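> data_1.pdb is reproduced in full below (PDB, C-alpha atoms and all ligand atoms).
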```pdb
ATOM      1  CA  MET A   1     -89.358 -70.286 -40.269  1.00  0.00           C
ATOM      2  CA  GLN A   2     -86.862 -68.313 -38.230  1.00  0.00           C
ATOM      3  CA  ALA A   3     -89.672 -66.226 -36.743  1.00  0.00           C
ATOM      4  CA  ASN A   4     -91.354 -69.401 -35.454  1.00  0.00           C
ATOM      5  CA  LEU A   5     -88.252 -70.351 -33.499  1.00  0.00           C
ATOM      6  CA  HIS A   6     -88.611 -67.127 -31.556  1.00  0.00           C
ATOM      7  CA  ARG A   7     -92.299 -67.338 -30.765  1.00  0.00           C
ATOM      8  CA  LYS A   8     -93.017 -66.297 -27.205  1.00  0.00           C
ATOM      9  CA  ASP A   9     -94.457 -69.748 -26.399  1.00  0.00           C
ATOM     10  CA  ASN A  10     -91.175 -71.391 -27.301  1.00  0.00           C
ATOM     11  CA  ILE A  11     -89.123 -69.029 -25.194  1.00  0.00           C
ATOM     12  CA  TYR A  12     -91.343 -68.834 -22.101  1.00  0.00           C
ATOM     13  CA  PRO A  13     -93.427 -72.021 -22.156  1.00  0.00           C
ATOM     14  CA  LEU A  14     -93.709 -72.048 -18.368  1.00  0.00           C
ATOM     15  CA  GLU A  15     -95.824 -68.946 -18.244  1.00  0.00           C
ATOM     16  CA  LYS A  16     -98.751 -71.337 -18.728  1.00  0.00           C
ATOM     17  CA  PRO A  17     -99.765 -72.196 -15.160  1.00  0.00           C
ATOM     18  CA  GLU A  18    -101.547 -75.434 -16.091  1.00  0.00           C
ATOM     19  CA  ARG A  19     -98.314 -76.731 -17.660  1.00  0.00           C
ATOM     20  CA  GLU A  20     -96.354 -75.668 -14.610  1.00  0.00           C
ATOM     21  CA  ASP A  21     -98.737 -77.560 -12.313  1.00  0.00           C
ATOM     22  CA  ALA A  22     -98.341 -80.691 -14.453  1.00  0.00           C
ATOM     23  CA  ILE A  23     -94.537 -80.448 -14.300  1.00  0.00           C
ATOM     24  CA  ILE A  24     -94.565 -80.015 -10.528  1.00  0.00           C
ATOM     25  CA  GLU A  25     -96.748 -83.143 -10.280  1.00  0.00           C
ATOM     26  CA  GLU A  26     -94.146 -85.058 -12.315  1.00  0.00           C
ATOM     27  CA  VAL A  27     -91.456 -83.834  -9.952  1.00  0.00           C
ATOM     28  CA  ARG A  28     -93.519 -84.905  -6.919  1.00  0.00           C
ATOM     29  CA  LYS A  29     -93.655 -88.460  -8.261  1.00  0.00           C
ATOM     30  CA  ILE A  30     -89.873 -88.632  -8.834  1.00  0.00           C
ATOM     31  CA  ALA A  31     -89.268 -87.112  -5.387  1.00  0.00           C
ATOM     32  CA  GLN A  32     -90.928 -90.050  -3.605  1.00  0.00           C
ATOM     33  CA  LYS A  33     -87.905 -92.232  -4.425  1.00  0.00           C
ATOM     34  CA  TYR A  34     -85.668 -89.880  -2.461  1.00  0.00           C
ATOM     35  CA  HIS A  35     -87.587 -89.459   0.811  1.00  0.00           C
ATOM     36  CA  ILE A  36     -88.774 -86.017  -0.328  1.00  0.00           C
ATOM     37  CA  ASP A  37     -92.390 -86.043   0.757  1.00  0.00           C
ATOM     38  CA  GLU A  38     -93.493 -82.459   0.210  1.00  0.00           C
ATOM     39  CA  ILE A  39     -92.752 -79.930  -2.525  1.00  0.00           C
ATOM     40  CA  ILE A  40     -93.917 -76.379  -1.941  1.00  0.00           C
ATOM     41  CA  PRO A  41     -93.732 -73.717  -4.667  1.00  0.00           C
ATOM     42  CA  VAL A  42     -92.467 -70.450  -3.130  1.00  0.00           C
ATOM     43  CA  THR A  43     -91.403 -67.067  -4.393  1.00  0.00           C
ATOM     44  CA  THR A  44     -87.775 -66.091  -3.904  1.00  0.00           C
ATOM     45  CA  GLY A  45     -89.096 -63.152  -1.860  1.00  0.00           C
ATOM     46  CA  ASP A  46     -90.108 -65.760   0.754  1.00  0.00           C
ATOM     47  CA  ILE A  47     -86.506 -66.977   1.068  1.00  0.00           C
ATOM     48  CA  SER A  48     -84.721 -65.297   3.945  1.00  0.00           C
ATOM     49  CA  VAL A  49     -80.965 -64.644   3.666  1.00  0.00           C
ATOM     50  CA  ALA A  50     -79.087 -63.517   6.784  1.00  0.00           C
ATOM     51  CA  LYS A  51     -75.419 -62.941   7.524  1.00  0.00           C
ATOM     52  CA  TRP A  52     -75.588 -64.784  10.871  1.00  0.00           C
ATOM     53  CA  VAL A  53     -76.140 -68.125   9.145  1.00  0.00           C
ATOM     54  CA  GLN A  54     -72.463 -68.342   8.177  1.00  0.00           C
ATOM     55  CA  LEU A  55     -71.501 -67.922  11.837  1.00  0.00           C
ATOM     56  CA  LYS A  56     -73.032 -71.364  12.339  1.00  0.00           C
ATOM     57  CA  CYS A  57     -70.882 -72.688   9.503  1.00  0.00           C
ATOM     58  CA  LYS A  58     -67.685 -71.050  10.691  1.00  0.00           C
ATOM     59  CA  TYR A  59     -68.097 -71.797  14.387  1.00  0.00           C
ATOM     60  CA  GLY A  60     -69.651 -75.152  15.082  1.00  0.00           C
ATOM     61  CA  CYS A  61     -69.442 -77.134  11.854  1.00  0.00           C
ATOM     62  CA  ASN A  62     -66.445 -79.307  11.057  1.00  0.00           C
ATOM     63  CA  LYS A  63     -67.083 -78.996   7.306  1.00  0.00           C
ATOM     64  CA  TYR A  64     -66.152 -75.304   7.193  1.00  0.00           C
ATOM     65  CA  GLY A  65     -63.216 -74.835   4.815  1.00  0.00           C
ATOM     66  CA  THR A  66     -63.105 -78.551   3.964  1.00  0.00           C
ATOM     67  CA  ASN A  67     -65.718 -78.938   1.220  1.00  0.00           C
ATOM     68  CA  TRP A  68     -66.366 -77.404  -2.200  1.00  0.00           C
ATOM     69  CA  CYS A  69     -70.042 -76.963  -1.287  1.00  0.00           C
ATOM     70  CA  CYS A  70     -69.531 -75.110   1.996  1.00  0.00           C
ATOM     71  CA  PRO A  71     -68.172 -71.702   3.007  1.00  0.00           C
ATOM     72  CA  PRO A  72     -65.808 -70.005   2.405  1.00  0.00           C
ATOM     73  CA  GLU A  73     -65.888 -71.539  -1.088  1.00  0.00           C
ATOM     74  CA  THR A  74     -69.601 -70.732  -1.594  1.00  0.00           C
ATOM     75  CA  PRO A  75     -71.187 -67.277  -2.205  1.00  0.00           C
ATOM     76  CA  THR A  76     -71.214 -64.660   0.541  1.00  0.00           C
ATOM     77  CA  SER A  77     -74.614 -63.568   1.841  1.00  0.00           C
ATOM     78  CA  ASP A  78     -74.490 -60.475  -0.413  1.00  0.00           C
ATOM     79  CA  GLN A  79     -73.668 -62.601  -3.436  1.00  0.00           C
ATOM     80  CA  ALA A  80     -76.437 -65.071  -2.493  1.00  0.00           C
ATOM     81  CA  LYS A  81     -78.962 -62.195  -2.301  1.00  0.00           C
ATOM     82  CA  ALA A  82     -77.859 -60.939  -5.716  1.00  0.00           C
ATOM     83  CA  LEU A  83     -78.174 -64.436  -7.207  1.00  0.00           C
ATOM     84  CA  LEU A  84     -81.621 -64.958  -5.684  1.00  0.00           C
ATOM     85  CA  SER A  85     -82.756 -61.644  -7.164  1.00  0.00           C
ATOM     86  CA  GLU A  86     -82.285 -63.190 -10.612  1.00  0.00           C
ATOM     87  CA  TYR A  87     -85.047 -65.718  -9.836  1.00  0.00           C
ATOM     88  CA  LYS A  88     -88.737 -65.250  -9.006  1.00  0.00           C
ATOM     89  CA  LYS A  89     -89.818 -68.792  -8.183  1.00  0.00           C
ATOM     90  CA  ALA A  90     -88.386 -71.763  -6.321  1.00  0.00           C
ATOM     91  CA  LEU A  91     -89.460 -75.148  -4.998  1.00  0.00           C
ATOM     92  CA  LEU A  92     -88.932 -75.995  -1.356  1.00  0.00           C
ATOM     93  CA  LEU A  93     -88.323 -79.736  -0.938  1.00  0.00           C
ATOM     94  CA  CYS A  94     -89.161 -81.128   2.494  1.00  0.00           C
ATOM     95  CA  GLY A  95     -88.358 -84.534   3.887  1.00  0.00           C
ATOM     96  CA  ARG A  96     -88.319 -86.249   7.258  1.00  0.00           C
ATOM     97  CA  MET A  97     -85.876 -88.838   8.418  1.00  0.00           C
ATOM     98  CA  GLU A  98     -84.790 -90.819  11.395  1.00  0.00           C
ATOM     99  CA  ASN A  99     -81.018 -90.994  11.556  1.00  0.00           C
ATOM    100  CA  ASN A 100     -79.402 -91.713  14.878  1.00  0.00           C
ATOM    101  CA  GLN A 101     -76.036 -91.310  13.089  1.00  0.00           C
ATOM    102  CA  PHE A 102     -76.721 -87.591  12.523  1.00  0.00           C
ATOM    103  CA  TYR A 103     -73.727 -86.354  14.501  1.00  0.00           C
ATOM    104  CA  ARG A 104     -71.404 -89.104  13.314  1.00  0.00           C
ATOM    105  CA  ASP A 105     -69.142 -89.080  10.317  1.00  0.00           C
ATOM    106  CA  ASN A 106     -69.689 -92.626   9.087  1.00  0.00           C
ATOM    107  CA  GLN A 107     -70.917 -94.635   6.116  1.00  0.00           C
ATOM    108  CA  LYS A 108     -74.534 -94.899   7.278  1.00  0.00           C
ATOM    109  CA  LYS A 109     -74.858 -91.167   7.719  1.00  0.00           C
ATOM    110  CA  ARG A 110     -73.168 -90.648   4.351  1.00  0.00           C
ATOM    111  CA  ARG A 111     -75.548 -93.013   2.513  1.00  0.00           C
ATOM    112  CA  ILE A 112     -78.548 -91.043   3.754  1.00  0.00           C
ATOM    113  CA  GLN A 113     -76.958 -87.711   2.832  1.00  0.00           C
ATOM    114  CA  VAL A 114     -76.067 -88.926  -0.670  1.00  0.00           C
ATOM    115  CA  ASN A 115     -79.623 -90.147  -1.306  1.00  0.00           C
ATOM    116  CA  MET A 116     -81.040 -86.742  -0.371  1.00  0.00           C
ATOM    117  CA  TRP A 117     -78.399 -85.041  -2.472  1.00  0.00           C
ATOM    118  CA  LYS A 118     -79.061 -87.161  -5.538  1.00  0.00           C
ATOM    119  CA  GLY A 119     -82.786 -86.508  -5.226  1.00  0.00           C
ATOM    120  CA  THR A 120     -82.341 -82.739  -5.400  1.00  0.00           C
ATOM    121  CA  VAL A 121     -79.965 -82.992  -8.356  1.00  0.00           C
ATOM    122  CA  ALA A 122     -82.277 -85.467 -10.167  1.00  0.00           C
ATOM    123  CA  LEU A 123     -85.247 -83.115  -9.768  1.00  0.00           C
ATOM    124  CA  GLU A 124     -83.181 -80.144 -10.903  1.00  0.00           C
ATOM    125  CA  ARG A 125     -82.218 -82.082 -14.022  1.00  0.00           C
ATOM    126  CA  HIS A 126     -85.831 -83.064 -14.728  1.00  0.00           C
ATOM    127  CA  LEU A 127     -86.925 -79.439 -14.405  1.00  0.00           C
ATOM    128  CA  PHE A 128     -84.135 -78.312 -16.713  1.00  0.00           C
ATOM    129  CA  LEU A 129     -85.200 -80.817 -19.368  1.00  0.00           C
ATOM    130  CA  ARG A 130     -88.840 -79.690 -19.027  1.00  0.00           C
ATOM    131  CA  GLY A 131     -87.908 -76.099 -19.830  1.00  0.00           C
ATOM    132  CA  TYR A 132     -86.730 -74.514 -16.580  1.00  0.00           C
ATOM    133  CA  TYR A 133     -83.300 -73.844 -18.039  1.00  0.00           C
ATOM    134  CA  LYS A 134     -82.201 -71.806 -15.000  1.00  0.00           C
ATOM    135  CA  ALA A 135     -83.092 -74.564 -12.493  1.00  0.00           C
ATOM    136  CA  PHE A 136     -80.464 -74.823  -9.766  1.00  0.00           C
ATOM    137  CA  GLY A 137     -80.519 -76.970  -6.659  1.00  0.00           C
ATOM    138  CA  LEU A 138     -79.347 -76.037  -3.187  1.00  0.00           C
ATOM    139  CA  VAL A 139     -78.996 -79.193  -1.176  1.00  0.00           C
ATOM    140  CA  SER A 140     -79.351 -80.151   2.433  1.00  0.00           C
ATOM    141  CA  GLU A 141     -76.044 -80.448   4.338  1.00  0.00           C
ATOM    142  CA  SER A 142     -72.542 -80.522   2.892  1.00  0.00           C
ATOM    143  CA  CYS A 143     -71.606 -82.653  -0.120  1.00  0.00           C
ATOM    144  CA  ALA A 144     -70.940 -86.250   0.896  1.00  0.00           C
ATOM    145  CA  LEU A 145     -70.492 -87.788  -2.535  1.00  0.00           C
ATOM    146  CA  CYS A 146     -66.904 -88.689  -1.627  1.00  0.00           C
ATOM    147  CA  ARG A 147     -65.877 -90.297   1.630  1.00  0.00           C
ATOM    148  CA  ARG A 148     -63.562 -87.337   2.136  1.00  0.00           C
ATOM    149  CA  CYS A 149     -63.904 -84.171   0.046  1.00  0.00           C
ATOM    150  CA  THR A 150     -60.779 -83.411  -1.981  1.00  0.00           C
ATOM    151  CA  TYR A 151     -61.108 -79.656  -1.312  1.00  0.00           C
ATOM    152  CA  PRO A 152     -59.057 -77.593  -2.137  1.00  0.00           C
ATOM    153  CA  ASP A 153     -57.823 -80.056  -4.766  1.00  0.00           C
ATOM    154  CA  GLU A 154     -59.883 -80.815  -7.844  1.00  0.00           C
ATOM    155  CA  CYS A 155     -63.483 -81.961  -7.201  1.00  0.00           C
ATOM    156  CA  VAL A 156     -64.175 -85.610  -8.107  1.00  0.00           C
ATOM    157  CA  PHE A 157     -67.772 -85.090  -9.290  1.00  0.00           C
ATOM    158  CA  PRO A 158     -67.991 -81.450 -10.422  1.00  0.00           C
ATOM    159  CA  ALA A 159     -71.170 -82.081 -12.440  1.00  0.00           C
ATOM    160  CA  ASP A 160     -73.024 -83.235  -9.334  1.00  0.00           C
ATOM    161  CA  ARG A 161     -71.785 -80.937  -6.616  1.00  0.00           C
ATOM    162  CA  ARG A 162     -74.205 -78.258  -5.442  1.00  0.00           C
ATOM    163  CA  PRO A 163     -73.913 -75.751  -2.602  1.00  0.00           C
ATOM    164  CA  SER A 164     -75.855 -76.401   0.547  1.00  0.00           C
ATOM    165  CA  VAL A 165     -78.845 -74.252   1.544  1.00  0.00           C
ATOM    166  CA  GLU A 166     -76.943 -73.052   4.629  1.00  0.00           C
ATOM    167  CA  SER A 167     -73.853 -72.153   2.611  1.00  0.00           C
ATOM    168  CA  TRP A 168     -75.972 -69.541   0.813  1.00  0.00           C
ATOM    169  CA  SER A 169     -76.757 -67.957   4.205  1.00  0.00           C
ATOM    170  CA  ILE A 170     -80.392 -69.033   3.876  1.00  0.00           C
ATOM    171  CA  ASP A 171     -82.261 -68.877   7.170  1.00  0.00           C
ATOM    172  CA  ILE A 172     -84.473 -71.873   6.504  1.00  0.00           C
ATOM    173  CA  PHE A 173     -86.554 -71.480   9.673  1.00  0.00           C
ATOM    174  CA  GLN A 174     -87.384 -67.844   8.900  1.00  0.00           C
ATOM    175  CA  THR A 175     -88.232 -68.968   5.374  1.00  0.00           C
ATOM    176  CA  LEU A 176     -90.663 -71.552   6.807  1.00  0.00           C
ATOM    177  CA  LYS A 177     -92.200 -68.855   8.994  1.00  0.00           C
ATOM    178  CA  ASN A 178     -92.547 -66.596   5.942  1.00  0.00           C
ATOM    179  CA  ILE A 179     -94.646 -69.208   4.148  1.00  0.00           C
ATOM    180  CA  GLY A 180     -96.608 -70.191   7.253  1.00  0.00           C
ATOM    181  CA  LYS A 181     -95.247 -73.735   7.441  1.00  0.00           C
ATOM    182  CA  PRO A 182     -94.910 -75.046  11.000  1.00  0.00           C
ATOM    183  CA  PHE A 183     -91.685 -76.820  11.948  1.00  0.00           C
ATOM    184  CA  LYS A 184     -90.266 -78.661  14.911  1.00  0.00           C
ATOM    185  CA  ILE A 185     -86.587 -78.974  15.779  1.00  0.00           C
ATOM    186  CA  ALA A 186     -85.477 -82.492  16.747  1.00  0.00           C
ATOM    187  CA  ARG A 187     -84.128 -82.426  20.319  1.00  0.00           C
ATOM    188  CA  ASP A 188     -82.688 -85.914  20.343  1.00  0.00           C
ATOM    189  CA  VAL A 189     -80.906 -88.015  17.697  1.00  0.00           C
ATOM    190  CA  ALA A 190     -83.557 -90.695  18.164  1.00  0.00           C
ATOM    191  CA  GLU A 191     -86.261 -88.278  16.969  1.00  0.00           C
ATOM    192  CA  GLU A 192     -87.301 -87.892  13.391  1.00  0.00           C
ATOM    193  CA  TYR A 193     -85.854 -84.688  11.965  1.00  0.00           C
ATOM    194  CA  PRO A 194     -86.865 -82.545   8.997  1.00  0.00           C
ATOM    195  CA  TYR A 195     -84.562 -81.554   6.175  1.00  0.00           C
ATOM    196  CA  TYR A 196     -85.002 -79.023   3.431  1.00  0.00           C
ATOM    197  CA  SER A 197     -83.503 -78.304   0.074  1.00  0.00           C
ATOM    198  CA  LEU A 198     -84.404 -75.798  -2.601  1.00  0.00           C
ATOM    199  CA  ILE A 199     -84.523 -75.656  -6.359  1.00  0.00           C
ATOM    200  CA  LEU A 200     -84.407 -72.181  -7.849  1.00  0.00           C
ATOM    201  CA  LEU A 201     -86.637 -72.240 -10.917  1.00  0.00           C
ATOM    202  CA  GLU A 202     -86.914 -69.119 -12.992  1.00  0.00           C
TER     203      GLU A 202
HETATM  204  S1  LIG B 301     -68.033 -84.477  -5.201  1.00  0.00           S
HETATM  205 FE1  LIG B 301     -66.452 -85.110  -3.726  1.00  0.00          FE
HETATM  206  S2  LIG B 301     -64.762 -83.653  -4.116  1.00  0.00           S
HETATM  207 FE2  LIG B 301     -66.591 -82.761  -5.063  1.00  0.00          FE
HETATM  208  S3  LIG B 301     -67.511 -81.411  -3.494  1.00  0.00           S
HETATM  209 FE3  LIG B 301     -68.499 -83.427  -3.264  1.00  0.00          FE
HETATM  210  S4  LIG B 301     -67.309 -84.501  -1.709  1.00  0.00           S
HETATM  211 FE4  LIG B 301     -66.037 -82.776  -2.460  1.00  0.00          FE
END
```
Could you write out this file's structure as structure tokens?

Amino acid sequence: MQANLHRKDNIYPLEKPEREDAIIEEVRKIAQKYHIDEIIPVTTGDISVAKWVQLKCKYGCNKYGTNWCCPPETPTSDQAKALLSEYKKALLLCGRMENNQFYRDNQKKRRIQVNMWKGTVALERHLFLRGYYKAFGLVSESCALCRRCTYPDECVFPADRRPSVESWSIDIFQTLKNIGKPFKIARDVAEEYPYYSLILLE
């Protein structure tokens, strides 16, 4: 009986590509509730990490040093590279949104951020339960689960917080170029803008 528990199929069930495709389809259906309209399987080799990304966090973002999910609390670029090297596959989650509150720090902006955040965490959880035990989400923008982050005091929702894509020094635009996906940067708050999150799989 003990030998059965350690059968290869039980330990690595996701090596079966047809099962993996079915699970990704399940995830696509759940994603629709969260304004995530495209899910692209990528290899972690496609994900570009660059030191300059944290310059944008440190100089130009008012969340720097104020949030558990942003630098300097999050991994350095070297640590992010080392962590990514422990994964081979990831899912890139893409959404589009109109949000003329983008540069404001108000309730409307926060509601939109929280919805996106919850979507990534919900998909990560689904993937975990379907066998991707290493699944880990990197979300879009800083954590907005609380009106004001308690950092550096104790986090209010530690089970739900996840680092942002940018906080891992991920150059998302280079990553899109690497996979051949076109993108357009919104030039005005009235324009629809794209957002991206990632789930590291296995
Ligand atoms: S859950 Fe609240 S306290 Fe924790 S990182 Fe997010 S905003 Fe900060």
> For the provided coordinates, the residues matched by the PyMOL selection byres (((chain A and resi 46) around 12) and not hetatm) should be stated as a list in words.
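Output from the PyMOL selection byres (((chain A and resi 46) around 12) and not hetatm), applied to this file: Ile40, Pro41, Val42, Thr43, Thr44, Gly45, Ile47, Ser48, Val49, Leu84, Ser85, Tyr87, Lys88, Lys89, Ala90, Leu91, Leu92, Ile170, Asp171, Ile172, Phe173, Gln174, Thr175, Leu176, Lys177, Asn178, Ile179, Gly180 and Lys181 of chain A.
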> Using only C-alpha atoms for the distances, tell me which of A:Asp21, A:Asp37, A:Glu154, A:Asp160 is nearest to Trp117 in chain A.
A:Asp160
> Taking all atoms listed in the file into account, list the residues no farther than 7 Å from ligand LIG 301 (chain B), as a PyMOL selection string.
chain A and resi 67-69+143-151+154-158+160-161
> Using the chain letters and residue numbers of this document, give as an MDAnalysis selection string the residues selected by the PyMOL selection byres (((chain A and resi 70) around 9) and not hetatm).
chainID A and resid 57 63:69 71:74 141:143 163:164 166:168
> Specify as a PyMOL selection string each residue included when the PyMOL selection byres (((chain A and resi 195) around 8) and not hetatm) is applied to this file.
chain A and resi 94-97+140+193-194+196-197
> Distance CA of Val189 in chain A-CA of Arg28 in chain A, one decimal place?
27.8 Å
> Record the distance separating CA of Tyr34 in chain A and CA of Arg187 in chain A, expressed in Å with one decimal.
24.0 Å
> What is the CA of Leu93 in chain A-CA of Ile23 in chain A distance in Å, reported with one decimal?
14.8 Å
> Please determine, counting all atoms listed in the file, which residue among A:Lys29, A:Asp153, A:Glu191, A:Leu201 has the shortest atom-to-atom distance to Arg130 in chain A.
A:Leu201
> With all atoms listed in the file as the counted atoms, please give the residues lying no more than 10 Å from range 123-127 of chain A, apart from itself and same-chain residues fewer than 3 positions off, as a compact mmCIF listing (two decimals) with C-alpha atoms, in the coordinates of the input.

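Resulting contents of out_18.txt:
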```txt
# COMPACT_ATOMS: atom_id res chain seq x y z
CA ILE A 23 -94.54 -80.45 -14.30
CA ILE A 24 -94.56 -80.02 -10.53
CA GLU A 26 -94.15 -85.06 -12.32
CA VAL A 27 -91.46 -83.83 -9.95
CA ARG A 28 -93.52 -84.90 -6.92
CA ILE A 30 -89.87 -88.63 -8.83
CA ALA A 31 -89.27 -87.11 -5.39
CA TYR A 34 -85.67 -89.88 -2.46
CA LEU A 91 -89.46 -75.15 -5.00
CA LEU A 93 -88.32 -79.74 -0.94
CA LYS A 118 -79.06 -87.16 -5.54
CA GLY A 119 -82.79 -86.51 -5.23
CA THR A 120 -82.34 -82.74 -5.40
CA ARG A 130 -88.84 -79.69 -19.03
CA GLY A 131 -87.91 -76.10 -19.83
CA TYR A 132 -86.73 -74.51 -16.58
CA TYR A 133 -83.30 -73.84 -18.04
CA LYS A 134 -82.20 -71.81 -15.00
CA ALA A 135 -83.09 -74.56 -12.49
CA PHE A 136 -80.46 -74.82 -9.77
CA GLY A 137 -80.52 -76.97 -6.66
CA LEU A 138 -79.35 -76.04 -3.19
CA LEU A 198 -84.40 -75.80 -2.60
CA ILE A 199 -84.52 -75.66 -6.36
CA LEU A 200 -84.41 -72.18 -7.85
CA LEU A 201 -86.64 -72.24 -10.92
```
> Which residue gives the smallest distance to Ala159 in chain A among A:Ala22, A:Val121, A:Ser77, A:Arg110, with only C-alpha atoms counted?
A:Val121
> Which centre and edge lengths in Å to one decimal define the box along x, y and z that fits every listed atom of range 154-170 of chain A plus 5 Å per side, as JSON?

```
{"center_x": -70.1, "center_y": -76.8, "center_z": -3.9, "size_x": 30.5, "size_y": 27.7, "size_z": 27.1}
```
> Which is closer to Asp188 in chain A than all the others in A:Arg111, A:Ile36, A:Glu98, A:Leu55, using all atoms listed in the file?
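Of all the options, A:Glu98 lies closest to Asp188 in chain A.
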> Can you work out which one of A:Ile112, A:Ala122, A:Val139, A:Val165 has the shortest atom-to-atom distance to Val53 in chain A, counting only C-alpha atoms?
A:Val165
> May I ask which of the residues A:Ile185, A:Lys33, A:Lys108, A:Lys51 is the closest one to Gln79 in chain A, counting all atoms listed in the file?
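Closest candidate: A:Lys51.
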> Would you fill out range 43-61 of chain A with N, CA and C atoms and return it as a tab-separated table (two decimals), keeping the file's coordinate frame?

```
chain	number	residue	atom	x	y	z
A	43	THR	N	-92.06	-68.13	-3.62
A	43	THR	CA	-91.40	-67.07	-4.39
A	43	THR	C	-90.04	-66.82	-3.74
A	44	THR	N	-89.10	-66.31	-4.50
A	44	THR	CA	-87.78	-66.09	-3.90
A	44	THR	C	-87.84	-64.97	-2.85
A	45	GLY	N	-88.89	-64.16	-2.91
A	45	GLY	CA	-89.10	-63.15	-1.86
A	45	GLY	C	-89.38	-63.79	-0.50
A	46	ASP	N	-89.85	-65.04	-0.51
A	46	ASP	CA	-90.11	-65.76	0.75
A	46	ASP	C	-88.81	-66.28	1.38
A	47	ILE	N	-87.76	-66.35	0.59
A	47	ILE	CA	-86.51	-66.98	1.07
A	47	ILE	C	-85.69	-65.94	1.83
A	48	SER	N	-85.43	-66.25	3.09
A	48	SER	CA	-84.72	-65.30	3.94
A	48	SER	C	-83.21	-65.58	3.92
A	49	VAL	N	-82.44	-64.54	3.65
A	49	VAL	CA	-80.96	-64.64	3.67
A	49	VAL	C	-80.46	-63.76	4.79
A	50	ALA	N	-79.59	-64.30	5.64
A	50	ALA	CA	-79.09	-63.52	6.78
A	50	ALA	C	-77.61	-63.83	7.01
A	51	LYS	N	-76.88	-62.77	7.36
A	51	LYS	CA	-75.42	-62.94	7.52
A	51	LYS	C	-75.08	-63.90	8.66
A	52	TRP	N	-75.93	-63.96	9.71
A	52	TRP	CA	-75.59	-64.78	10.87
A	52	TRP	C	-75.48	-66.27	10.54
A	53	VAL	N	-76.13	-66.69	9.44
A	53	VAL	CA	-76.14	-68.12	9.14
A	53	VAL	C	-74.71	-68.66	8.98
A	54	GLN	N	-73.83	-67.84	8.39
A	54	GLN	CA	-72.46	-68.34	8.18
A	54	GLN	C	-71.66	-68.41	9.48
A	55	LEU	N	-72.14	-67.73	10.52
A	55	LEU	CA	-71.50	-67.92	11.84
A	55	LEU	C	-71.62	-69.38	12.26
A	56	LYS	N	-72.80	-69.96	11.97
A	56	LYS	CA	-73.03	-71.36	12.34
A	56	LYS	C	-72.11	-72.30	11.55
A	57	CYS	N	-71.80	-71.88	10.31
A	57	CYS	CA	-70.88	-72.69	9.50
A	57	CYS	C	-69.46	-72.56	10.04
A	58	LYS	N	-69.08	-71.31	10.33
A	58	LYS	CA	-67.68	-71.05	10.69
A	58	LYS	C	-67.36	-71.52	12.10
A	59	TYR	N	-68.33	-71.41	12.99
A	59	TYR	CA	-68.10	-71.80	14.39
A	59	TYR	C	-69.12	-72.86	14.77
A	60	GLY	N	-68.72	-74.10	14.67
A	60	GLY	CA	-69.65	-75.15	15.08
A	60	GLY	C	-69.86	-76.23	14.05
A	61	CYS	N	-69.28	-76.07	12.85
A	61	CYS	CA	-69.44	-77.13	11.85
A	61	CYS	C	-68.05	-77.56	11.37
```
